[in-house]
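Structure file entry_37.cif; described as mmCIF, C-alpha atoms.
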```cif
data_structure
loop_
_atom_site.label_atom_id
_atom_site.label_comp_id
_atom_site.auth_asym_id
_atom_site.auth_seq_id
_atom_site.Cartn_x
_atom_site.Cartn_y
_atom_site.Cartn_z
CA MET R 1 -62.24 -142.61 -44.58
CA THR R 2 -63.04 -143.39 -48.16
CA ALA R 3 -66.61 -143.57 -49.45
CA ASP R 4 -65.61 -146.74 -51.37
CA SER R 5 -66.91 -149.84 -49.73
CA VAL R 6 -64.56 -152.63 -48.77
CA PRO R 7 -66.16 -156.03 -48.11
CA ALA R 8 -65.97 -156.96 -44.42
CA GLY R 9 -64.22 -160.22 -45.20
CA ASP R 10 -61.56 -158.30 -47.11
CA ASP R 11 -60.62 -156.02 -44.24
CA PRO R 12 -57.09 -154.75 -44.97
CA ARG R 13 -55.72 -155.71 -41.55
CA ARG R 14 -57.09 -159.21 -41.84
CA LEU R 15 -55.89 -159.62 -45.41
CA LEU R 16 -52.39 -158.48 -44.50
CA ALA R 17 -52.30 -160.67 -41.40
CA ASP R 18 -53.51 -163.69 -43.42
CA SER R 19 -50.92 -163.01 -46.08
CA ARG R 20 -48.10 -162.88 -43.52
CA ARG R 21 -49.36 -166.00 -41.78
CA LEU R 22 -49.50 -167.97 -45.03
CA ALA R 23 -46.02 -166.79 -46.07
CA HIS R 24 -44.69 -167.81 -42.65
CA ARG R 25 -46.29 -171.26 -42.97
CA VAL R 26 -44.64 -171.78 -46.35
CA ARG R 27 -41.26 -170.83 -44.88
CA LEU R 28 -41.79 -173.26 -42.01
CA ALA R 29 -42.73 -176.05 -44.43
CA GLN R 30 -39.60 -175.37 -46.51
CA ARG R 31 -37.23 -175.36 -43.54
CA VAL R 32 -34.98 -178.31 -42.83
CA THR R 33 -32.58 -176.40 -40.58
CA TRP R 34 -31.28 -179.51 -38.85
CA PHE R 35 -29.96 -180.97 -42.09
CA PRO R 36 -27.29 -178.36 -42.95
CA LEU R 37 -26.14 -178.32 -39.32
CA LEU R 38 -25.69 -182.11 -39.21
CA VAL R 39 -23.98 -182.17 -42.62
CA LEU R 40 -21.59 -179.41 -41.57
CA ALA R 41 -20.94 -181.22 -38.28
CA ALA R 42 -20.02 -184.36 -40.25
CA VAL R 43 -17.72 -182.34 -42.52
CA THR R 44 -16.02 -180.88 -39.42
CA PHE R 45 -15.54 -184.28 -37.73
CA VAL R 46 -14.15 -185.88 -40.89
CA ALA R 47 -11.70 -182.97 -41.11
CA ILE R 48 -9.95 -184.18 -37.94
CA PRO R 49 -8.29 -187.30 -39.44
CA VAL R 50 -7.83 -185.46 -42.73
CA GLN R 51 -5.92 -182.64 -41.04
CA ARG R 52 -3.90 -185.16 -39.06
CA TRP R 53 -2.80 -187.38 -41.93
CA ALA R 54 -3.19 -185.35 -45.13
CA PRO R 55 0.01 -184.09 -46.80
CA ARG R 56 1.43 -180.79 -45.61
CA ALA R 57 3.89 -178.41 -47.28
CA VAL R 58 6.81 -177.34 -45.08
CA SER R 59 8.76 -174.18 -45.90
CA ASN R 60 10.84 -171.33 -44.43
CA CYS R 61 12.68 -173.60 -41.98
CA GLN R 62 15.02 -171.59 -39.78
CA PRO R 63 17.24 -172.77 -36.96
CA ILE R 64 16.28 -171.40 -33.57
CA ALA R 65 17.56 -172.09 -30.10
CA GLY R 66 16.78 -175.69 -29.29
CA GLY R 67 15.56 -176.73 -32.75
CA THR R 68 14.13 -175.55 -36.04
CA ARG R 69 11.12 -173.41 -36.76
CA CYS R 70 9.22 -174.07 -39.98
CA THR R 71 6.10 -172.78 -41.64
CA PHE R 72 3.78 -175.54 -42.73
CA TRP R 73 0.64 -175.46 -44.79
CA LEU R 74 -2.00 -178.18 -44.58
CA VAL R 75 -2.44 -178.49 -48.35
CA GLY R 76 -4.48 -181.70 -48.15
CA ALA R 77 -6.78 -180.31 -45.49
CA PHE R 78 -7.17 -177.09 -47.45
CA VAL R 79 -8.30 -178.99 -50.55
CA TYR R 80 -10.54 -181.20 -48.39
CA TRP R 81 -12.36 -178.25 -46.81
CA VAL R 82 -13.04 -176.49 -50.10
CA LEU R 83 -14.33 -179.63 -51.82
CA ALA R 84 -16.24 -180.89 -48.78
CA LEU R 85 -18.05 -177.60 -48.22
CA VAL R 86 -19.03 -177.26 -51.89
CA LEU R 87 -20.35 -180.83 -51.84
CA ALA R 88 -22.09 -180.20 -48.51
CA TYR R 89 -23.94 -177.21 -49.90
CA ALA R 90 -24.93 -179.11 -53.05
CA LEU R 91 -26.33 -181.80 -50.75
CA ILE R 92 -28.11 -179.20 -48.61
CA ALA R 93 -29.67 -177.55 -51.68
CA GLY R 94 -30.82 -180.96 -52.95
CA CYS R 95 -32.34 -181.83 -49.58
CA TYR R 96 -34.22 -178.53 -49.33
CA LEU R 97 -35.64 -179.06 -52.81
CA ARG R 98 -36.66 -182.65 -52.11
CA VAL R 99 -38.30 -181.85 -48.77
CA ALA R 100 -40.17 -178.87 -50.20
CA GLN R 101 -41.43 -180.98 -53.12
CA SER R 102 -42.64 -183.70 -50.78
CA ARG R 103 -44.74 -181.04 -49.03
CA GLY R 104 -46.23 -179.72 -52.28
CA LEU R 105 -43.92 -176.74 -52.60
CA SER R 106 -40.83 -175.71 -54.44
CA SER R 107 -37.85 -174.03 -52.84
CA ARG R 108 -35.35 -171.38 -53.76
CA VAL R 109 -32.18 -173.39 -54.17
CA ALA R 110 -30.05 -170.63 -55.65
CA PRO R 111 -29.25 -168.98 -52.26
CA TYR R 112 -27.80 -172.24 -50.93
CA VAL R 113 -25.76 -172.85 -54.07
CA ILE R 114 -24.51 -169.26 -54.03
CA THR R 115 -23.64 -169.57 -50.32
CA GLY R 116 -21.67 -172.75 -51.01
CA ILE R 117 -19.75 -171.18 -53.88
CA ALA R 118 -19.10 -168.00 -51.86
CA LEU R 119 -17.84 -170.15 -49.00
CA ALA R 120 -15.42 -171.98 -51.32
CA VAL R 121 -14.16 -168.69 -52.77
CA VAL R 122 -13.67 -167.12 -49.32
CA LEU R 123 -11.87 -170.21 -48.01
CA THR R 124 -9.61 -170.45 -51.06
CA ALA R 125 -8.80 -166.74 -51.13
CA GLY R 126 -8.26 -166.62 -47.36
CA GLY R 127 -6.01 -169.67 -47.38
CA LEU R 128 -3.91 -168.40 -50.27
CA VAL R 129 -3.56 -164.88 -48.86
CA PHE R 130 -2.53 -166.12 -45.42
CA HIS R 131 -0.12 -168.66 -46.87
CA TYR R 132 1.57 -166.64 -49.59
CA LEU R 133 1.23 -162.99 -48.59
CA LEU R 134 1.43 -162.97 -44.81
CA THR R 135 3.94 -164.36 -42.38
CA PRO R 136 3.12 -165.53 -38.87
CA PRO R 137 2.89 -164.47 -36.11
CA TYR R 138 -0.11 -162.39 -37.25
CA PRO R 139 -1.15 -159.19 -35.45
CA GLY R 140 -4.35 -159.32 -33.36
CA VAL R 141 -6.69 -157.98 -36.06
CA LEU R 142 -5.44 -160.50 -38.61
CA VAL R 143 -5.90 -163.33 -36.14
CA GLY R 144 -9.60 -162.39 -35.96
CA VAL R 145 -9.83 -162.23 -39.77
CA TRP R 146 -8.03 -165.56 -40.03
CA ARG R 147 -10.52 -167.20 -37.70
CA LEU R 148 -13.37 -165.89 -39.85
CA VAL R 149 -11.94 -167.15 -43.15
CA GLU R 150 -10.74 -170.48 -41.80
CA PRO R 151 -13.26 -173.31 -42.28
CA SER R 152 -15.03 -173.21 -38.89
CA GLY R 153 -15.41 -169.43 -39.05
CA ALA R 154 -16.54 -169.51 -42.67
CA ILE R 155 -19.21 -172.07 -41.73
CA GLY R 156 -20.48 -169.61 -39.11
CA VAL R 157 -20.63 -166.78 -41.64
CA ALA R 158 -22.50 -169.05 -44.07
CA LEU R 159 -24.98 -169.99 -41.33
CA LEU R 160 -25.47 -166.29 -40.66
CA VAL R 161 -26.42 -165.83 -44.32
CA LEU R 162 -28.79 -168.83 -44.17
CA SER R 163 -30.52 -167.52 -41.05
CA TRP R 164 -31.15 -164.27 -42.90
CA LEU R 165 -32.37 -166.06 -46.05
CA GLU R 166 -34.75 -168.20 -44.01
CA ARG R 167 -35.66 -165.36 -41.62
CA HIS R 168 -34.97 -167.81 -38.87
CA LEU R 169 -34.40 -166.14 -35.51
CA ALA R 170 -33.50 -169.35 -33.67
CA LEU R 171 -30.86 -170.19 -36.27
CA LEU R 172 -29.50 -166.63 -35.99
CA LEU R 173 -29.15 -166.96 -32.22
CA PHE R 174 -27.50 -170.37 -32.59
CA THR R 175 -25.09 -168.95 -35.19
CA VAL R 176 -24.11 -166.07 -32.90
CA VAL R 177 -23.25 -168.56 -30.14
CA TYR R 178 -21.36 -170.72 -32.65
CA LEU R 179 -19.36 -167.73 -33.95
CA VAL R 180 -18.48 -166.66 -30.42
CA VAL R 181 -17.16 -170.16 -29.67
CA VAL R 182 -15.21 -170.27 -32.95
CA LEU R 183 -13.79 -166.75 -32.73
CA VAL R 184 -12.83 -167.14 -29.07
CA PRO R 185 -11.40 -170.67 -29.32
CA ILE R 186 -12.21 -172.71 -26.24
CA THR R 187 -10.04 -175.79 -25.67
CA PHE R 188 -10.47 -176.33 -21.91
CA GLY R 189 -6.69 -176.66 -21.90
CA TRP R 190 -6.67 -180.01 -23.64
CA GLY R 191 -4.66 -180.31 -26.82
CA SER R 192 -2.36 -177.38 -26.03
CA HIS R 193 0.70 -179.66 -25.80
CA TRP R 194 -0.27 -182.12 -28.50
CA GLY R 195 1.92 -180.41 -31.12
CA SER R 196 1.09 -179.49 -34.69
CA ARG R 197 -0.28 -182.96 -35.53
CA TRP R 198 -3.17 -182.97 -33.06
CA GLY R 199 -3.25 -179.47 -31.57
CA PHE R 200 -6.10 -178.37 -33.86
CA ALA R 201 -8.35 -181.29 -32.83
CA PRO R 202 -10.03 -179.80 -29.71
CA SER R 203 -11.35 -176.74 -31.56
CA LEU R 204 -12.73 -178.95 -34.35
CA VAL R 205 -14.33 -181.32 -31.84
CA ILE R 206 -15.99 -178.39 -30.08
CA SER R 207 -17.21 -176.61 -33.23
CA GLY R 208 -18.35 -179.91 -34.79
CA GLY R 209 -20.03 -180.93 -31.53
CA LEU R 210 -21.83 -177.61 -31.33
CA LEU R 211 -23.10 -178.01 -34.90
CA MET R 212 -24.24 -181.55 -34.14
CA LEU R 213 -26.05 -180.53 -30.96
CA GLY R 214 -27.67 -177.62 -32.80
CA GLY R 215 -28.77 -179.93 -35.62
CA LEU R 216 -30.26 -182.44 -33.20
CA GLY R 217 -31.99 -179.64 -31.29
CA PHE R 218 -33.59 -178.25 -34.44
CA LEU R 219 -34.58 -181.78 -35.54
CA LEU R 220 -36.35 -182.47 -32.24
CA THR R 221 -38.04 -179.07 -32.23
CA GLN R 222 -39.24 -179.57 -35.80
CA ARG R 223 -40.60 -183.05 -35.06
CA ARG R 224 -42.46 -181.82 -31.98
CA GLY R 225 -43.88 -178.93 -34.01
CA ARG R 226 -45.22 -181.31 -36.65
CA GLN R 227 -46.75 -183.68 -34.08
CA ARG R 228 -48.86 -180.85 -32.61
CA MET A 1 -35.17 -162.79 -51.17
CA SER A 2 -37.93 -160.19 -51.77
CA ASP A 3 -40.98 -160.21 -49.57
CA PRO A 4 -44.16 -158.51 -50.79
CA THR A 5 -45.19 -157.94 -47.18
CA ASP A 6 -42.10 -155.70 -46.91
CA ALA A 7 -43.06 -153.69 -50.01
CA PRO A 8 -42.80 -149.88 -49.71
CA GLU A 9 -45.97 -147.90 -49.48
CA PRO A 10 -47.04 -146.22 -52.74
CA THR A 11 -47.17 -142.44 -52.67
CA GLY A 12 -49.57 -140.12 -54.42
CA PRO A 13 -52.69 -138.13 -53.79
CA ALA A 14 -55.21 -140.84 -54.81
CA HIS A 15 -56.84 -142.81 -52.02
CA PRO A 16 -55.28 -146.29 -51.92
CA ALA A 17 -58.72 -147.95 -52.02
CA ASN A 18 -59.20 -146.53 -55.52
CA GLY A 19 -56.31 -148.60 -56.85
CA LEU A 20 -57.42 -151.91 -55.38
CA ASP A 21 -57.61 -154.65 -57.96
CA ASP A 22 -60.77 -156.75 -57.52
CA VAL A 23 -58.97 -159.83 -58.80
CA VAL A 24 -56.28 -159.62 -56.11
CA HIS A 25 -58.19 -157.87 -53.32
CA GLN A 26 -59.90 -161.03 -52.19
CA ARG A 27 -58.86 -163.23 -49.28
CA VAL A 28 -58.46 -166.54 -51.11
CA ARG A 29 -56.84 -165.13 -54.24
CA LEU A 30 -54.44 -163.01 -52.22
CA GLY A 31 -53.61 -166.17 -50.27
CA ILE A 32 -52.90 -168.09 -53.47
CA LEU A 33 -50.60 -165.33 -54.74
CA THR A 34 -48.81 -165.08 -51.39
CA ILE A 35 -48.15 -168.81 -51.17
CA ALA A 36 -47.08 -169.06 -54.81
CA HIS A 37 -44.72 -166.11 -54.33
CA GLU A 38 -43.13 -167.57 -51.23
CA ALA A 39 -42.95 -171.13 -52.56
CA ARG A 40 -41.95 -170.27 -56.16
CA ARG A 41 -44.13 -173.21 -57.29
CA VAL A 42 -46.95 -174.74 -55.29
CA GLU A 43 -49.07 -177.80 -55.66
CA PHE A 44 -52.87 -177.68 -55.84
CA GLY A 45 -53.19 -179.93 -52.78
CA TYR A 46 -51.06 -177.64 -50.60
CA LEU A 47 -53.19 -174.63 -51.57
CA ARG A 48 -56.43 -176.52 -50.89
CA THR A 49 -55.24 -177.56 -47.41
CA GLN A 50 -53.80 -174.22 -46.37
CA LEU A 51 -56.72 -172.17 -47.66
CA GLU A 52 -59.28 -174.69 -46.39
CA LEU A 53 -61.18 -174.86 -49.67
CA THR A 54 -62.89 -177.54 -51.69
CA GLY A 55 -61.20 -178.54 -54.94
CA GLY A 56 -63.96 -176.95 -57.00
CA ASN A 57 -63.82 -173.67 -55.13
CA LEU A 58 -60.05 -173.47 -55.44
CA SER A 59 -60.26 -174.24 -59.17
CA GLN A 60 -62.62 -171.31 -59.64
CA HIS A 61 -60.23 -168.90 -57.93
CA LEU A 62 -57.29 -170.29 -59.89
CA GLY A 63 -59.28 -169.78 -63.08
CA VAL A 64 -59.84 -166.10 -62.24
CA LEU A 65 -56.14 -165.57 -61.54
CA GLU A 66 -55.06 -167.49 -64.64
CA THR A 67 -57.44 -165.51 -66.86
CA ALA A 68 -55.98 -162.30 -65.42
CA GLY A 69 -52.49 -163.57 -66.33
CA LEU A 70 -51.30 -163.57 -62.72
CA ILE A 71 -50.53 -167.29 -62.45
CA GLU A 72 -49.62 -170.20 -64.68
CA VAL A 73 -51.19 -173.59 -64.07
CA GLU A 74 -49.21 -176.63 -65.09
CA LYS A 75 -50.54 -180.17 -65.02
CA GLY A 76 -48.29 -183.19 -64.84
CA TYR A 77 -47.44 -186.35 -62.99
CA ALA A 78 -45.31 -187.14 -59.94
CA GLY A 79 -44.86 -190.88 -60.37
CA ARG A 80 -48.35 -192.18 -61.16
CA ARG A 81 -50.21 -189.40 -59.38
CA ALA A 82 -51.59 -186.47 -61.33
CA ARG A 83 -50.41 -183.12 -60.00
CA THR A 84 -51.32 -179.53 -60.68
CA TRP A 85 -48.66 -176.92 -60.07
CA VAL A 86 -49.24 -173.19 -59.76
CA THR A 87 -46.56 -170.62 -60.54
CA LEU A 88 -46.73 -166.84 -60.25
CA THR A 89 -46.14 -164.84 -63.44
CA GLN A 90 -44.21 -161.57 -63.44
CA ALA A 91 -47.56 -159.75 -63.56
CA GLY A 92 -48.60 -161.80 -60.53
CA HIS A 93 -45.51 -160.74 -58.57
CA THR A 94 -46.19 -157.10 -59.42
CA ALA A 95 -49.90 -157.33 -58.58
CA LEU A 96 -49.13 -158.95 -55.23
CA ALA A 97 -46.52 -156.33 -54.29
CA GLU A 98 -48.92 -153.52 -55.24
CA GLU A 99 -51.80 -155.06 -53.29
CA ILE A 100 -49.68 -155.46 -50.16
CA ALA A 101 -48.40 -151.90 -50.46
CA ARG A 102 -51.96 -150.59 -50.85
CA LEU A 103 -53.16 -152.60 -47.87
CA LYS A 104 -50.38 -151.11 -45.74
CA LEU A 105 -51.25 -147.63 -46.93
CA LEU A 106 -54.94 -148.17 -46.19
CA ILE A 107 -54.13 -149.36 -42.69
CA SER A 108 -51.75 -146.49 -42.03
CA ARG A 109 -54.38 -143.97 -43.23
CA VAL A 110 -56.95 -145.45 -40.90
CA GLU A 111 -54.52 -145.51 -37.97
CA THR A 112 -53.01 -142.04 -38.52
CA PRO A 113 -55.07 -139.26 -36.89
CA GLY A 114 -56.32 -136.92 -39.63
CA GLY A 115 -55.14 -139.29 -42.29
CA GLN A 116 -58.64 -140.09 -43.57
#
```

Conversion result in structure tokens:
Amino acid sequence: MTADSVPAGDDPRRLLADSRRLAHRVRLAQRVTWFPLLVLAAVTFVAIPVQRWAPRAVSNCQPIAGGTRCTFWLVGAFVYWVLALVLAYALIAGCYLRVAQSRGLSSRVAPYVITGIALAVVLTAGGLVFHYLLTPPYPGVLVGVWRLVEPSGAIGVALLVLSWLERHLALLLFTVVYLVVVLVPITFGWGSHWGSRWGFAPSLVISGGLLMLGGLGFLLTQRRGRQR
Amino acid sequence: MSDPTDAPEPTGPAHPANGLDDVVHQRVRLGILTIAHEARRVEFGYLRTQLELTGGNLSQHLGVLETAGLIEVEKGYAGRRARTWVTLTQAGHTALAEEIARLKLLISRVETPGGQ
């Protein structure tokens, strides 16, 4: 060991442990995990009537046995998702800043803004590529990619980024479950014969419901933690 | 997001204790730097509560760090209430990262057989 003296109170192990503990406390004080989940759940639920009634572009209609097969693009819903998610992330960034300030801290807002912008870019690019460059039915790999770049999947990817930014293990685990549900669509059979107007609803109800339950779970956990 | 507690260990023949900065190598001041780094900007009251200090004691430590150019202290108002905000300077970020790296190196030298 060195001949240099180190004050007992400044023991390296203790200093490092204190430093980590304080950094962790700051992260906990800055977290409002329930808020983005509830906002994204609301965005998902509102998407249901939007997708049902918003204008859609119909093209490539071809006669087939027993009717006509057309390709349609939910233009209105597409615009809704991009705008809604950008607004949602602006709201989330604002909330994080406000909560942190109320606790005597500031917060890094840039990651949330960047995530929101990246989400909008991915959604726009994905939607345009799948609409203009590819023709259904898509091969298996592309179906997986499509599910990742469609709104529910993109929300999962964004949550994955947030869990990393916040170093939040519970959010990471929740996001993995969410992505599994989104990538392996579960409908319990309902909605399969509802046609193009309502057929998408079950998956949105399930992904929105999961986000809402997650948000409420994190809210309760956070409240209990503060009461202790 | 960078984390000083994840900083790489410095290399070199000198013993890490030789490079310890007395300004930073102190429990309270290291705590102030850590919190300010993580929070980007922190209020005086938060520091006082978390570090369990009196206002006068905390002011003294802040004075040492400010004189060393590691933090900036900004006074202002939030509504009618006076507030004091502390922000880390670039030199403060560097000093914190170096201190953490040296602490890790010290610990690893103590824990590694023959590493004294």

When you draw a straight line from CA of Ser152 (chain R) to CA of Leu85 (chain R), how long is it in Å? 10.7 Å

Counting all atoms listed in the file, find residues at most 10 Å from (-23.4, -182.7, -41.4) (file frame) and give them as a count of residues only. 20

Give me the residues within 12 Å of Glu66 (chain A) as a PyMOL selection string, counting only C-alpha atoms and dropping any in the same chain fewer than 4 places off. chain A and resi 23-24+29+32-33+59-62+70-74+86-89+91-92

Check which residues satisfy the PyMOL selection byres ((chain R) within 7 of (chain A)) in the file shown, then give them as a list in words.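 On this input, the PyMOL selection byres ((chain R) within 7 of (chain A)) captures Met1, Asp10, Pro12, Arg13, Leu15, Leu16, Ser19, Arg20, Leu22, Ala23, Val26, Gly104, Leu105, Ser106, Ser107 and Leu165 of chain R.
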
Going by the chain IDs and residue numbers used in this file, which residues fall under the PyMOL selection byres ((chain R and resi 70-80) around 8)? Write them as number ranges by chain. R: 47, 50-51, 54-62, 68-69, 81-84, 124, 127, 131

Can I get the selected residues back with C-alpha atoms, as an mmCIF file, keeping the file's coordinate frame?
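Dumped everything to result.cif:
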```cif
data_model
loop_
_atom_site.group_PDB
_atom_site.id
_atom_site.type_symbol
_atom_site.label_atom_id
_atom_site.label_comp_id
_atom_site.auth_asym_id
_atom_site.auth_seq_id
_atom_site.Cartn_x
_atom_site.Cartn_y
_atom_site.Cartn_z
ATOM 1 C CA ALA R 47 -11.700 -182.970 -41.110
ATOM 2 C CA VAL R 50 -7.830 -185.460 -42.730
ATOM 3 C CA GLN R 51 -5.920 -182.640 -41.040
ATOM 4 C CA ALA R 54 -3.190 -185.350 -45.130
ATOM 5 C CA PRO R 55 0.010 -184.090 -46.800
ATOM 6 C CA ARG R 56 1.430 -180.790 -45.610
ATOM 7 C CA ALA R 57 3.890 -178.410 -47.280
ATOM 8 C CA VAL R 58 6.810 -177.340 -45.080
ATOM 9 C CA SER R 59 8.760 -174.180 -45.900
ATOM 10 C CA ASN R 60 10.840 -171.330 -44.430
ATOM 11 C CA CYS R 61 12.680 -173.600 -41.980
ATOM 12 C CA GLN R 62 15.020 -171.590 -39.780
ATOM 13 C CA THR R 68 14.130 -175.550 -36.040
ATOM 14 C CA ARG R 69 11.120 -173.410 -36.760
ATOM 15 C CA TRP R 81 -12.360 -178.250 -46.810
ATOM 16 C CA VAL R 82 -13.040 -176.490 -50.100
ATOM 17 C CA LEU R 83 -14.330 -179.630 -51.820
ATOM 18 C CA ALA R 84 -16.240 -180.890 -48.780
ATOM 19 C CA THR R 124 -9.610 -170.450 -51.060
ATOM 20 C CA GLY R 127 -6.010 -169.670 -47.380
ATOM 21 C CA HIS R 131 -0.120 -168.660 -46.870
#
```

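As for CA of Leu210 (chain R) and CA of Ala125 (chain R), they are spaced 26.1 Å apart.
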
For Leu173 (chain R), please output as a ChimeraX atom specification all residues within 12 Å (counting only C-alpha atoms; exclusion window: fewer than 6 positions along the same chain). /R:156,159-160,163-164,167,179-180,214
